[in-house]
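Below is the file protein.txt, which contains compact mmCIF, C-alpha atoms.
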# COMPACT_ATOMS: atom_id res chain seq x y z
CA MET X 695 -18.56 43.62 26.22
CA ASN X 696 -18.11 41.69 22.97
CA ARG X 697 -14.80 43.08 21.72
CA PHE X 698 -14.17 39.94 19.68
CA GLU X 699 -17.56 39.48 18.04
CA GLY X 700 -16.89 38.18 14.54
CA THR X 701 -13.17 37.68 15.26
CA LYS X 702 -11.58 34.38 14.27
CA VAL X 703 -8.83 33.26 16.63
CA LEU X 704 -6.32 30.40 16.45
CA LEU X 705 -4.93 29.64 19.91
CA THR X 706 -2.30 27.11 20.98
CA GLY X 707 -2.02 25.58 24.45
CA GLY X 708 -5.78 25.74 24.96
CA GLY X 709 -5.98 22.61 27.09
CA SER X 710 -4.95 24.12 30.42
CA GLY X 711 -3.54 27.08 32.33
CA ILE X 712 -3.13 30.41 30.57
CA GLY X 713 -4.24 28.94 27.25
CA ARG X 714 -7.52 27.69 28.68
CA ALA X 715 -8.17 30.92 30.55
CA THR X 716 -7.49 32.92 27.37
CA ALA X 717 -9.77 30.72 25.26
CA LEU X 718 -12.59 31.14 27.77
CA ARG X 719 -12.04 34.90 28.01
CA LEU X 720 -12.06 35.41 24.24
CA ALA X 721 -15.10 33.17 23.78
CA ALA X 722 -16.92 35.13 26.48
CA GLU X 723 -16.20 38.27 24.48
CA GLY X 724 -17.62 36.82 21.29
CA ALA X 725 -14.66 35.24 19.49
CA ALA X 726 -14.83 32.14 17.35
CA LEU X 727 -11.83 30.09 18.44
CA PHE X 728 -9.88 27.14 17.17
CA ALA X 729 -7.89 25.80 20.13
CA VAL X 730 -4.92 23.46 19.72
CA ASP X 731 -3.26 21.38 22.40
CA LEU X 732 -1.47 18.06 22.87
CA SER X 733 -4.11 17.00 25.39
CA GLY X 734 -7.46 16.01 23.92
CA GLU X 735 -8.92 15.67 27.40
CA GLY X 736 -7.80 19.17 28.31
CA LEU X 737 -9.29 20.62 25.13
CA ALA X 738 -12.60 18.88 25.82
CA GLU X 739 -12.71 20.41 29.31
CA THR X 740 -11.95 23.85 27.89
CA ALA X 741 -14.69 23.59 25.28
CA ALA X 742 -17.17 22.35 27.88
CA ALA X 743 -16.39 25.29 30.16
CA ALA X 744 -16.95 27.91 27.47
CA SER X 745 -19.81 30.35 27.88
CA GLY X 746 -20.93 33.51 26.16
CA PRO X 747 -21.59 34.36 22.57
CA GLY X 748 -18.35 32.87 21.20
CA ARG X 749 -17.54 29.26 20.40
CA ILE X 750 -14.53 26.96 20.65
CA ALA X 751 -13.54 24.27 18.14
CA THR X 752 -10.58 22.06 19.04
CA ARG X 753 -7.83 19.95 17.50
CA VAL X 754 -5.18 17.74 19.09
CA ALA X 755 -1.76 18.59 17.67
CA ASP X 756 1.88 18.62 18.72
CA VAL X 757 3.28 22.13 18.24
CA ALA X 758 6.75 20.61 17.88
CA ASP X 759 5.68 18.65 14.79
CA GLU X 760 5.95 20.77 11.63
CA ALA X 761 3.46 18.70 9.63
CA ALA X 762 0.98 18.84 12.52
CA VAL X 763 1.32 22.63 12.72
CA VAL X 764 0.72 23.05 8.98
CA ALA X 765 -2.36 20.83 9.17
CA ALA X 766 -3.69 22.59 12.28
CA VAL X 767 -3.48 26.06 10.72
CA ARG X 768 -5.24 24.88 7.59
CA ALA X 769 -7.94 23.18 9.66
CA ALA X 770 -8.42 26.34 11.72
CA ALA X 771 -8.86 28.50 8.62
CA ASP X 772 -11.33 26.00 7.16
CA GLU X 773 -13.32 25.68 10.39
CA LEU X 774 -13.51 29.41 11.10
CA GLY X 775 -13.63 30.70 7.56
CA GLY X 776 -10.33 32.54 7.89
CA LEU X 777 -8.10 33.91 10.65
CA ASP X 778 -7.85 37.30 12.33
CA VAL X 779 -5.75 36.60 15.42
CA LEU X 780 -3.05 34.09 16.38
CA VAL X 781 -2.30 33.52 20.06
CA ASN X 782 0.67 31.26 20.87
CA VAL X 783 0.47 30.08 24.48
CA ALA X 784 1.67 26.46 24.23
CA GLY X 785 4.90 25.86 26.13
CA ILE X 786 6.77 23.61 28.53
CA HIS X 787 9.05 24.28 31.46
CA ARG X 788 12.10 22.63 32.96
CA THR X 789 14.02 23.50 36.12
CA THR X 790 17.43 21.87 35.83
CA PRO X 791 20.85 22.70 37.33
CA ILE X 792 23.41 23.43 34.62
CA ASP X 793 25.52 20.40 35.55
CA ARG X 794 22.53 18.15 34.81
CA LEU X 795 21.36 19.88 31.64
CA THR X 796 21.30 17.61 28.59
CA VAL X 797 21.16 18.21 24.87
CA ALA X 798 17.78 16.48 24.89
CA ASP X 799 16.51 19.05 27.42
CA LEU X 800 17.65 21.90 25.20
CA HIS X 801 16.19 20.41 22.04
CA HIS X 802 12.83 19.72 23.67
CA LEU X 803 12.47 23.16 25.25
CA PHE X 804 13.50 25.06 22.13
CA THR X 805 11.41 22.90 19.80
CA VAL X 806 8.20 23.33 21.77
CA ASN X 807 8.62 26.89 23.04
CA ALA X 808 10.46 28.65 20.23
CA VAL X 809 10.17 26.52 17.10
CA GLY X 810 6.49 25.77 17.67
CA THR X 811 5.74 29.47 18.07
CA ALA X 812 7.71 30.32 14.92
CA LEU X 813 6.00 27.62 12.87
CA PHE X 814 2.51 28.75 13.80
CA CYS X 815 3.46 32.33 12.92
CA ARG X 816 4.93 31.25 9.58
CA GLU X 817 1.82 29.33 8.62
CA ALA X 818 -0.79 31.76 9.98
CA LEU X 819 0.64 35.09 8.80
CA PRO X 820 -0.32 34.66 5.14
CA LEU X 821 -3.92 34.20 6.32
CA LEU X 822 -4.09 37.20 8.65
CA PRO X 823 -5.66 40.34 7.19
CA ASP X 824 -3.59 43.42 6.53
CA ARG X 825 -4.17 46.37 8.88
CA THR X 826 -6.15 44.34 11.43
CA GLY X 827 -4.29 41.04 11.91
CA VAL X 828 -2.74 40.37 15.34
CA VAL X 829 -0.20 37.91 16.73
CA VAL X 830 0.23 37.52 20.50
CA ASN X 831 3.12 35.30 21.62
CA VAL X 832 3.52 34.31 25.27
CA ALA X 833 7.16 34.61 26.33
CA SER X 834 8.23 34.87 29.99
CA SER X 835 9.78 37.31 32.42
CA ALA X 836 12.57 34.73 32.65
CA ALA X 837 13.68 35.89 29.20
CA ALA X 838 15.00 39.17 30.60
CA HIS X 839 16.00 38.38 34.21
CA GLY X 840 18.22 35.59 35.46
CA ASN X 841 16.65 32.67 37.28
CA PRO X 842 18.79 29.93 38.84
CA TYR X 843 18.31 26.46 37.35
CA MET X 844 16.18 27.84 34.51
CA THR X 845 18.93 28.43 31.94
CA ALA X 846 17.43 26.38 29.12
CA TYR X 847 13.87 27.50 29.78
CA ALA X 848 14.91 31.15 29.96
CA ALA X 849 16.89 30.82 26.74
CA SER X 850 13.93 29.28 24.91
CA LYS X 851 11.61 32.05 26.09
CA GLY X 852 14.25 34.63 25.24
CA ALA X 853 14.09 33.24 21.73
CA VAL X 854 10.31 33.74 21.70
CA LEU X 855 10.72 37.34 22.85
CA GLY X 856 13.44 38.20 20.33
CA PHE X 857 11.56 36.44 17.54
CA SER X 858 8.39 38.40 18.33
CA LEU X 859 10.10 41.80 18.37
CA SER X 860 11.81 41.14 15.04
CA LEU X 861 8.62 39.72 13.54
CA ALA X 862 6.78 42.90 14.53
CA ALA X 863 9.26 44.91 12.47
CA GLU X 864 9.02 42.50 9.54
CA VAL X 865 5.23 42.60 9.18
CA ALA X 866 4.68 46.24 10.17
CA HIS X 867 4.31 47.21 6.51
CA ARG X 868 1.17 45.06 6.40
CA GLY X 869 -0.28 46.74 9.47
CA ILE X 870 -0.18 43.47 11.42
CA ARG X 871 0.57 43.85 15.12
CA VAL X 872 2.84 41.45 17.03
CA VAL X 873 2.82 41.63 20.83
CA PRO X 874 4.89 39.44 23.17
CA VAL X 875 3.36 38.96 26.64
CA SER X 876 5.77 37.95 29.40
CA PRO X 877 4.16 36.55 32.56
CA GLY X 878 6.01 36.17 35.82
CA SER X 879 5.09 33.45 38.30
CA VAL X 880 1.70 31.95 37.42
CA ALA X 881 -0.25 29.23 39.21
CA THR X 882 -0.57 26.80 36.27
CA PRO X 883 0.13 23.08 35.74
CA LEU X 884 3.05 23.85 33.41
CA ALA X 885 4.46 20.52 32.25
CA GLY X 886 7.87 19.10 32.97
CA PRO X 887 9.97 17.71 35.80
CA HIS X 888 11.57 20.20 38.17
CA VAL X 889 15.05 19.04 39.15
CA LEU X 890 16.32 21.14 42.05
CA PRO X 891 19.40 20.63 44.22
CA PRO X 892 18.58 19.30 47.70
CA ASP X 893 20.46 22.19 49.35
CA LEU X 894 18.62 24.88 47.38
CA ASP X 895 18.06 28.10 49.30
CA VAL X 896 14.30 28.20 48.78
CA SER X 897 14.05 31.51 50.67
CA TYR X 898 15.75 33.12 47.67
CA TYR X 899 12.51 32.87 45.73
CA GLY X 900 10.55 34.21 48.66
CA ARG X 901 12.76 37.30 48.70
CA ILE X 902 12.09 38.11 45.06
CA ARG X 903 8.45 37.13 44.68
CA SER X 904 5.80 39.69 43.87
CA PRO X 905 4.03 41.22 46.86
CA PHE X 906 0.87 40.16 45.00
CA GLY X 907 1.94 36.51 44.97
CA ALA X 908 1.63 34.28 41.91
CA ALA X 909 -0.78 35.37 39.20
CA GLU X 910 -3.91 33.47 38.30
CA PRO X 911 -4.19 32.36 34.66
CA GLU X 912 -7.23 34.60 34.23
CA GLN X 913 -5.12 37.66 35.05
CA ILE X 914 -2.70 36.85 32.23
CA ALA X 915 -5.62 36.05 29.92
CA GLY X 916 -6.99 39.53 30.48
CA VAL X 917 -3.74 41.08 29.29
CA ILE X 918 -3.63 38.79 26.24
CA ALA X 919 -7.22 39.75 25.41
CA PHE X 920 -6.29 43.42 25.60
CA ALA X 921 -3.25 42.92 23.35
CA ALA X 922 -5.35 41.09 20.77
CA SER X 923 -8.20 43.61 20.80
CA ARG X 924 -8.75 46.89 18.99
CA ASP X 925 -8.15 48.62 22.32
CA ALA X 926 -4.46 47.91 21.73
CA GLY X 927 -4.56 49.05 18.11
CA TYR X 928 -1.45 51.22 18.51
CA LEU X 929 0.56 48.54 20.32
CA THR X 930 3.11 46.42 18.48
CA GLY X 931 6.72 45.35 18.93
CA ALA X 932 6.59 46.05 22.66
CA GLU X 933 6.79 43.48 25.44
CA LEU X 934 3.99 43.45 27.98
CA ARG X 935 5.46 42.25 31.29
CA VAL X 936 2.88 40.84 33.69
CA ASP X 937 5.03 39.98 36.70
CA GLY X 938 3.25 41.62 39.63
CA GLY X 939 5.82 44.39 39.75
CA VAL X 940 8.75 42.08 40.45
CA ALA X 941 11.08 43.75 37.95
CA HIS X 942 10.73 47.10 39.71
CA LEU X 943 9.77 46.27 43.29
CA THR X 944 12.46 43.74 44.18
CA ARG X 945 15.75 45.63 44.17
CA SER X 946 17.64 43.79 46.86
CA PRO X 947 17.95 40.30 48.36
CA TRP X 948 15.73 41.49 51.21
CA GLY X 949 12.63 42.40 49.25
CA PRO X 950 11.20 45.56 47.70
CA SER X 951 13.34 48.68 47.87
CA GLY X 952 12.78 50.64 51.05
CA ARG X 953 10.95 47.85 52.85
CA ARG X 954 12.34 46.63 56.15
CA PRO X 955 13.43 42.99 56.35
CA LEU X 956 10.55 40.68 57.14
CA SER X 957 12.40 39.01 60.01
CA GLY X 958 14.89 40.03 62.66
CA THR X 959 17.71 38.22 60.86
CA GLY X 960 17.57 40.54 57.85
CA SER X 961 15.98 38.04 55.48
CA CYS X 962 12.51 36.87 54.54
CA PRO X 963 11.09 33.90 56.42
CA LEU X 964 11.37 30.64 54.51
CA PRO X 965 8.02 29.80 52.92
CA GLU X 966 6.72 26.27 53.30
CA ARG X 967 5.97 26.12 49.57
CA ILE X 968 6.86 28.45 46.74
CA LEU X 969 5.69 28.71 43.17
CA VAL X 970 8.35 28.47 40.50
CA PHE X 971 6.38 29.23 37.31
CA GLY X 972 3.43 27.42 38.81
CA ALA X 973 5.31 24.42 40.20
CA ALA X 974 5.55 23.97 43.95
CA ALA X 975 9.16 23.57 44.96
CA PRO X 976 10.07 21.05 47.66
CA THR X 977 10.14 22.25 51.21
CA VAL X 978 13.68 22.81 52.50
CA SER X 979 14.58 22.64 56.15
CA GLN X 980 15.68 25.96 57.64
CA SER X 981 18.30 24.12 59.66
CA ARG X 982 20.09 22.95 56.50
CA ALA X 983 22.89 25.16 55.26
CA PRO X 984 21.45 26.74 52.09
CA ARG X 985 23.23 27.10 48.78
CA PRO X 986 23.79 30.87 48.39
CA LEU X 987 22.23 32.46 45.32
CA THR X 988 22.46 35.92 43.84
CA PRO X 989 18.97 37.40 43.23
CA TYR X 990 19.24 38.44 39.59
CA GLY X 991 15.59 37.97 38.70
CA GLU X 992 12.32 36.40 39.65
CA PRO X 993 10.81 32.90 39.53

Mind turning this structure into structure tokens?
Amino acid sequence: MNRFEGTKVLLTGGGSGIGRATALRLAAEGAALFAVDLSGEGLAETAAAASGPGRIATRVADVADEAAVVAAVRAAADELGGLDVLVNVAGIHRTTPIDRLTVADLHHLFTVNAVGTALFCREALPLLPDRTGVVVNVASSAAAHGNPYMTAYAASKGAVLGFSLSLAAEVAHRGIRVVPVSPGSVATPLAGPHVLPPDLDVSYYGRIRSPFGAAEPEQIAGVIAFAASRDAGYLTGAELRVDGGVAHLTRSPWGPSGRRPLSGTGSCPLPERILVFGAAAPTVSQSRAPRPLTPYGEP
């Protein structure tokens, strides 16, 4: 199935994780891609792994650098002969307790996650064709549901989500679609240190994880490919949540609604390792008194 034959795609974050999986998926379906990432090595690995009728050109660029973004969009249009689709995947993650959150943390997260996404949209939109152009921005399920120690990250992804919904309204008169995709927990090497309190109740995340576990990048890439394709031609200004059902299945601290507790004590057993947006959290001893948390959302 070559849904993207003849389609010119600019994609950020193509050096690893969801970005790489999306680049490979679109290339396999016939797209001509221009992938941007901060890691030249990662981009080279992505290009080498590509198969199918499509092709992948690459460029090293920092999405937080305005001049680099302007140059990357121009280079993409020159290399591909125009642009049809923009996919913003590039992002970073931080897990930091509020009492250790710094202004530098906030600036870095917002600059990469939100400002970088906005800059690529600003520069690419004049090049996208009316009636068929598409923008897909990767937000996060953290934007809509509380996650302990992820305040700054969640806020930056909330900015991406809000930006995307408003942008969809702004460019609707041109017939350009804008679709935010919000993954839940994904097994990716998302960058950034994860600062967690030593007395963290790790079982909290076990109680609110999807019964399907963490997603693979390829599963998110499939949704992005759908959103960018003609199959989603009537879809715009609507968030696609890809969280393994967490938002609807986990309605109590003890797991999915109606399910009996997974242990005799009325709580889920403590997992040896958990995935917090792809990062393995440190193992916490069950004998240590845990810090109580209220399960507002999902990791």

6 Å contact set for Ala715 in chain X, only C-alpha atoms, chain neighbours under 2 positions out, as a count of residues only | 7

What separation in Å, quoted to one decimal, exists between CA of His787 in chain X and CA of Val873 in chain X?
-> 21.3 Å

Give the padded box for range 701-706 of chain X as AutoDock Vina command-line options: axis-aligned, covering all atoms listed in the file, 6 Å on each side, centre and edge lengths in Å to one decimal.
--center_x -7.7 --center_y 32.4 --center_z 17.6 --size_x 22.9 --size_y 22.6 --size_z 18.7

The distance between CA of Ala932 in chain X and CA of Leu859 in chain X is 7.0 Å

Pick out the residues sitting within 9 Å of Val779 in chain X, and hand them over as an MDAnalysis selection string; count all atoms listed in the file, and ignore anything fewer than 3 positions along from it in its own chain.
-> chainID X and resid 701:705 818 822 826:830 922

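For the pair CA of Pro905 in chain X and CA of Arg935 in chain X, the separation is 15.7 Å.
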
8 Å contact set for Ser858 in chain X, only C-alpha atoms, chain neighbours under 5 positions out, as a VMD selection string = chain X and resid 831 872 to 874 931

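Closest approach to Val936 in chain X from the set X:Ile792, X:Ala743, X:Ala909, X:Ala758 is made by X:Ala909, with distances taken over only C-alpha atoms.
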
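With all atoms listed in the file as the basis for measurement, X:Val940 is the residue among X:Leu934, X:Val757, X:Met695, X:Val940 that approaches Gly907 in chain X most closely.
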
Excluding range 803-814 of chain X and residues on its chain fewer than 6 positions from it, collect all residues at most 9 Å away from it, counting all atoms listed in the file, and give them as a PyMOL selection string.
-> chain X and resi 706+756-760+763-764+766-767+780+782-788+831-833+846-847+849-854+857-858

Selection file, C-alpha atoms, as a compact mmCIF listing (two decimals), in the frame of the given file:
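Once written, part_23.txt looks like this:
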# COMPACT_ATOMS: atom_id res chain seq x y z
CA THR X 706 -2.30 27.11 20.98
CA ASP X 756 1.88 18.62 18.72
CA VAL X 757 3.28 22.13 18.24
CA ALA X 758 6.75 20.61 17.88
CA ASP X 759 5.68 18.65 14.79
CA GLU X 760 5.95 20.77 11.63
CA VAL X 763 1.32 22.63 12.72
CA VAL X 764 0.72 23.05 8.98
CA ALA X 766 -3.69 22.59 12.28
CA VAL X 767 -3.48 26.06 10.72
CA LEU X 780 -3.05 34.09 16.38
CA ASN X 782 0.67 31.26 20.87
CA VAL X 783 0.47 30.08 24.48
CA ALA X 784 1.67 26.46 24.23
CA GLY X 785 4.90 25.86 26.13
CA ILE X 786 6.77 23.61 28.53
CA HIS X 787 9.05 24.28 31.46
CA ARG X 788 12.10 22.63 32.96
CA ASN X 831 3.12 35.30 21.62
CA VAL X 832 3.52 34.31 25.27
CA ALA X 833 7.16 34.61 26.33
CA ALA X 846 17.43 26.38 29.12
CA TYR X 847 13.87 27.50 29.78
CA ALA X 849 16.89 30.82 26.74
CA SER X 850 13.93 29.28 24.91
CA LYS X 851 11.61 32.05 26.09
CA GLY X 852 14.25 34.63 25.24
CA ALA X 853 14.09 33.24 21.73
CA VAL X 854 10.31 33.74 21.70
CA PHE X 857 11.56 36.44 17.54
CA SER X 858 8.39 38.40 18.33

Find the residues near Gly748 in chain X: any atom within 6 Å, counting all atoms listed in the file, skip ones fewer than 5 places away on the same chain, and give them as a list in words.
-> Ala721, Ala722, Gly724, Ala725 and Ala726 of chain X

Write a file for range 782-806 of chain X, containing N, CA, C and O atoms (output as a PDB file, in the first residue's frame).
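That gives us result.pdb:
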ATOM      1  N   ASN X 782       5.780  16.946  13.204  1.00  0.00           N
ATOM      2  CA  ASN X 782       6.638  17.380  14.304  1.00  0.00           C
ATOM      3  C   ASN X 782       6.649  16.329  15.400  1.00  0.00           C
ATOM      4  O   ASN X 782       5.661  16.166  16.133  1.00  0.00           O
ATOM      5  N   VAL X 783       7.757  15.606  15.503  1.00  0.00           N
ATOM      6  CA  VAL X 783       7.902  14.576  16.536  1.00  0.00           C
ATOM      7  C   VAL X 783       8.958  14.966  17.567  1.00  0.00           C
ATOM      8  O   VAL X 783       8.881  14.554  18.731  1.00  0.00           O
ATOM      9  N   ALA X 784       9.929  15.771  17.176  1.00  0.00           N
ATOM     10  CA  ALA X 784      11.056  16.096  18.062  1.00  0.00           C
ATOM     11  C   ALA X 784      10.570  16.596  19.419  1.00  0.00           C
ATOM     12  O   ALA X 784       9.666  17.427  19.509  1.00  0.00           O
ATOM     13  N   GLY X 785      11.183  16.079  20.473  1.00  0.00           N
ATOM     14  CA  GLY X 785      10.810  16.505  21.823  1.00  0.00           C
ATOM     15  C   GLY X 785      11.764  15.934  22.854  1.00  0.00           C
ATOM     16  O   GLY X 785      12.518  15.003  22.583  1.00  0.00           O
ATOM     17  N   ILE X 786      11.719  16.515  24.036  1.00  0.00           N
ATOM     18  CA  ILE X 786      12.515  16.030  25.164  1.00  0.00           C
ATOM     19  C   ILE X 786      11.619  15.868  26.373  1.00  0.00           C
ATOM     20  O   ILE X 786      10.502  16.398  26.415  1.00  0.00           O
ATOM     21  N   HIS X 787      12.118  15.145  27.354  1.00  0.00           N
ATOM     22  CA  HIS X 787      11.319  14.849  28.544  1.00  0.00           C
ATOM     23  C   HIS X 787      12.137  15.061  29.797  1.00  0.00           C
ATOM     24  O   HIS X 787      13.353  14.808  29.804  1.00  0.00           O
ATOM     25  N   ARG X 788      11.503  15.546  30.833  1.00  0.00           N
ATOM     26  CA  ARG X 788      12.123  15.668  32.146  1.00  0.00           C
ATOM     27  C   ARG X 788      11.137  15.189  33.202  1.00  0.00           C
ATOM     28  O   ARG X 788       9.944  15.485  33.120  1.00  0.00           O
ATOM     29  N   THR X 789      11.623  14.458  34.178  1.00  0.00           N
ATOM     30  CA  THR X 789      10.826  14.066  35.342  1.00  0.00           C
ATOM     31  C   THR X 789      11.483  14.701  36.555  1.00  0.00           C
ATOM     32  O   THR X 789      12.559  14.266  36.974  1.00  0.00           O
ATOM     33  N   THR X 790      10.861  15.740  37.092  1.00  0.00           N
ATOM     34  CA  THR X 790      11.477  16.529  38.157  1.00  0.00           C
ATOM     35  C   THR X 790      10.448  16.927  39.203  1.00  0.00           C
ATOM     36  O   THR X 790       9.415  17.500  38.858  1.00  0.00           O
ATOM     37  N   PRO X 791      10.685  16.643  40.473  1.00  0.00           N
ATOM     38  CA  PRO X 791       9.785  17.118  41.533  1.00  0.00           C
ATOM     39  C   PRO X 791       9.702  18.642  41.514  1.00  0.00           C
ATOM     40  O   PRO X 791      10.679  19.319  41.171  1.00  0.00           O
ATOM     41  N   ILE X 792       8.563  19.187  41.866  1.00  0.00           N
ATOM     42  CA  ILE X 792       8.345  20.623  41.770  1.00  0.00           C
ATOM     43  C   ILE X 792       9.345  21.409  42.604  1.00  0.00           C
ATOM     44  O   ILE X 792       9.756  22.511  42.227  1.00  0.00           O
ATOM     45  N   ASP X 793       9.787  20.855  43.738  1.00  0.00           N
ATOM     46  CA  ASP X 793      10.718  21.604  44.584  1.00  0.00           C
ATOM     47  C   ASP X 793      12.134  21.629  44.017  1.00  0.00           C
ATOM     48  O   ASP X 793      13.006  22.324  44.551  1.00  0.00           O
ATOM     49  N   ARG X 794      12.364  20.886  42.922  1.00  0.00           N
ATOM     50  CA  ARG X 794      13.675  20.896  42.271  1.00  0.00           C
ATOM     51  C   ARG X 794      13.601  21.445  40.850  1.00  0.00           C
ATOM     52  O   ARG X 794      14.576  21.419  40.114  1.00  0.00           O
ATOM     53  N   LEU X 795      12.443  21.937  40.471  1.00  0.00           N
ATOM     54  CA  LEU X 795      12.252  22.476  39.130  1.00  0.00           C
ATOM     55  C   LEU X 795      12.921  23.840  39.005  1.00  0.00           C
ATOM     56  O   LEU X 795      12.749  24.710  39.857  1.00  0.00           O
ATOM     57  N   THR X 796      13.684  24.033  37.938  1.00  0.00           N
ATOM     58  CA  THR X 796      14.399  25.287  37.734  1.00  0.00           C
ATOM     59  C   THR X 796      13.850  26.027  36.520  1.00  0.00           C
ATOM     60  O   THR X 796      13.182  25.451  35.658  1.00  0.00           O
ATOM     61  N   VAL X 797      14.168  27.304  36.447  1.00  0.00           N
ATOM     62  CA  VAL X 797      13.786  28.098  35.287  1.00  0.00           C
ATOM     63  C   VAL X 797      14.447  27.534  34.031  1.00  0.00           C
ATOM     64  O   VAL X 797      13.851  27.511  32.954  1.00  0.00           O
ATOM     65  N   ALA X 798      15.668  27.055  34.167  1.00  0.00           N
ATOM     66  CA  ALA X 798      16.362  26.465  33.029  1.00  0.00           C
ATOM     67  C   ALA X 798      15.612  25.233  32.504  1.00  0.00           C
ATOM     68  O   ALA X 798      15.525  25.021  31.286  1.00  0.00           O
ATOM     69  N   ASP X 799      15.078  24.409  33.427  1.00  0.00           N
ATOM     70  CA  ASP X 799      14.280  23.255  33.019  1.00  0.00           C
ATOM     71  C   ASP X 799      13.087  23.696  32.185  1.00  0.00           C
ATOM     72  O   ASP X 799      12.794  23.141  31.119  1.00  0.00           O
ATOM     73  N   LEU X 800      12.375  24.698  32.688  1.00  0.00           N
ATOM     74  CA  LEU X 800      11.186  25.189  31.999  1.00  0.00           C
ATOM     75  C   LEU X 800      11.525  25.742  30.620  1.00  0.00           C
ATOM     76  O   LEU X 800      10.857  25.437  29.627  1.00  0.00           O
ATOM     77  N   HIS X 801      12.552  26.566  30.568  1.00  0.00           N
ATOM     78  CA  HIS X 801      12.943  27.159  29.290  1.00  0.00           C
ATOM     79  C   HIS X 801      13.307  26.080  28.272  1.00  0.00           C
ATOM     80  O   HIS X 801      12.897  26.147  27.102  1.00  0.00           O
ATOM     81  N   HIS X 802      14.081  25.102  28.716  1.00  0.00           N
ATOM     82  CA  HIS X 802      14.546  24.066  27.790  1.00  0.00           C
ATOM     83  C   HIS X 802      13.379  23.237  27.255  1.00  0.00           C
ATOM     84  O   HIS X 802      13.257  22.992  26.046  1.00  0.00           O
ATOM     85  N   LEU X 803      12.489  22.799  28.154  1.00  0.00           N
ATOM     86  CA  LEU X 803      11.356  21.987  27.739  1.00  0.00           C
ATOM     87  C   LEU X 803      10.431  22.752  26.795  1.00  0.00           C
ATOM     88  O   LEU X 803      10.014  22.228  25.755  1.00  0.00           O
ATOM     89  N   PHE X 804      10.113  23.985  27.141  1.00  0.00           N
ATOM     90  CA  PHE X 804       9.194  24.748  26.297  1.00  0.00           C
ATOM     91  C   PHE X 804       9.837  25.122  24.968  1.00  0.00           C
ATOM     92  O   PHE X 804       9.172  25.141  23.936  1.00  0.00           O
ATOM     93  N   THR X 805      11.131  25.420  24.982  1.00  0.00           N
ATOM     94  CA  THR X 805      11.790  25.813  23.739  1.00  0.00           C
ATOM     95  C   THR X 805      11.831  24.665  22.751  1.00  0.00           C
ATOM     96  O   THR X 805      11.533  24.832  21.563  1.00  0.00           O
ATOM     97  N   VAL X 806      12.191  23.479  23.214  1.00  0.00           N
ATOM     98  CA  VAL X 806      12.269  22.328  22.315  1.00  0.00           C
ATOM     99  C   VAL X 806      10.878  21.826  21.943  1.00  0.00           C
ATOM    100  O   VAL X 806      10.551  21.667  20.753  1.00  0.00           O
TER     101      VAL X 806
END
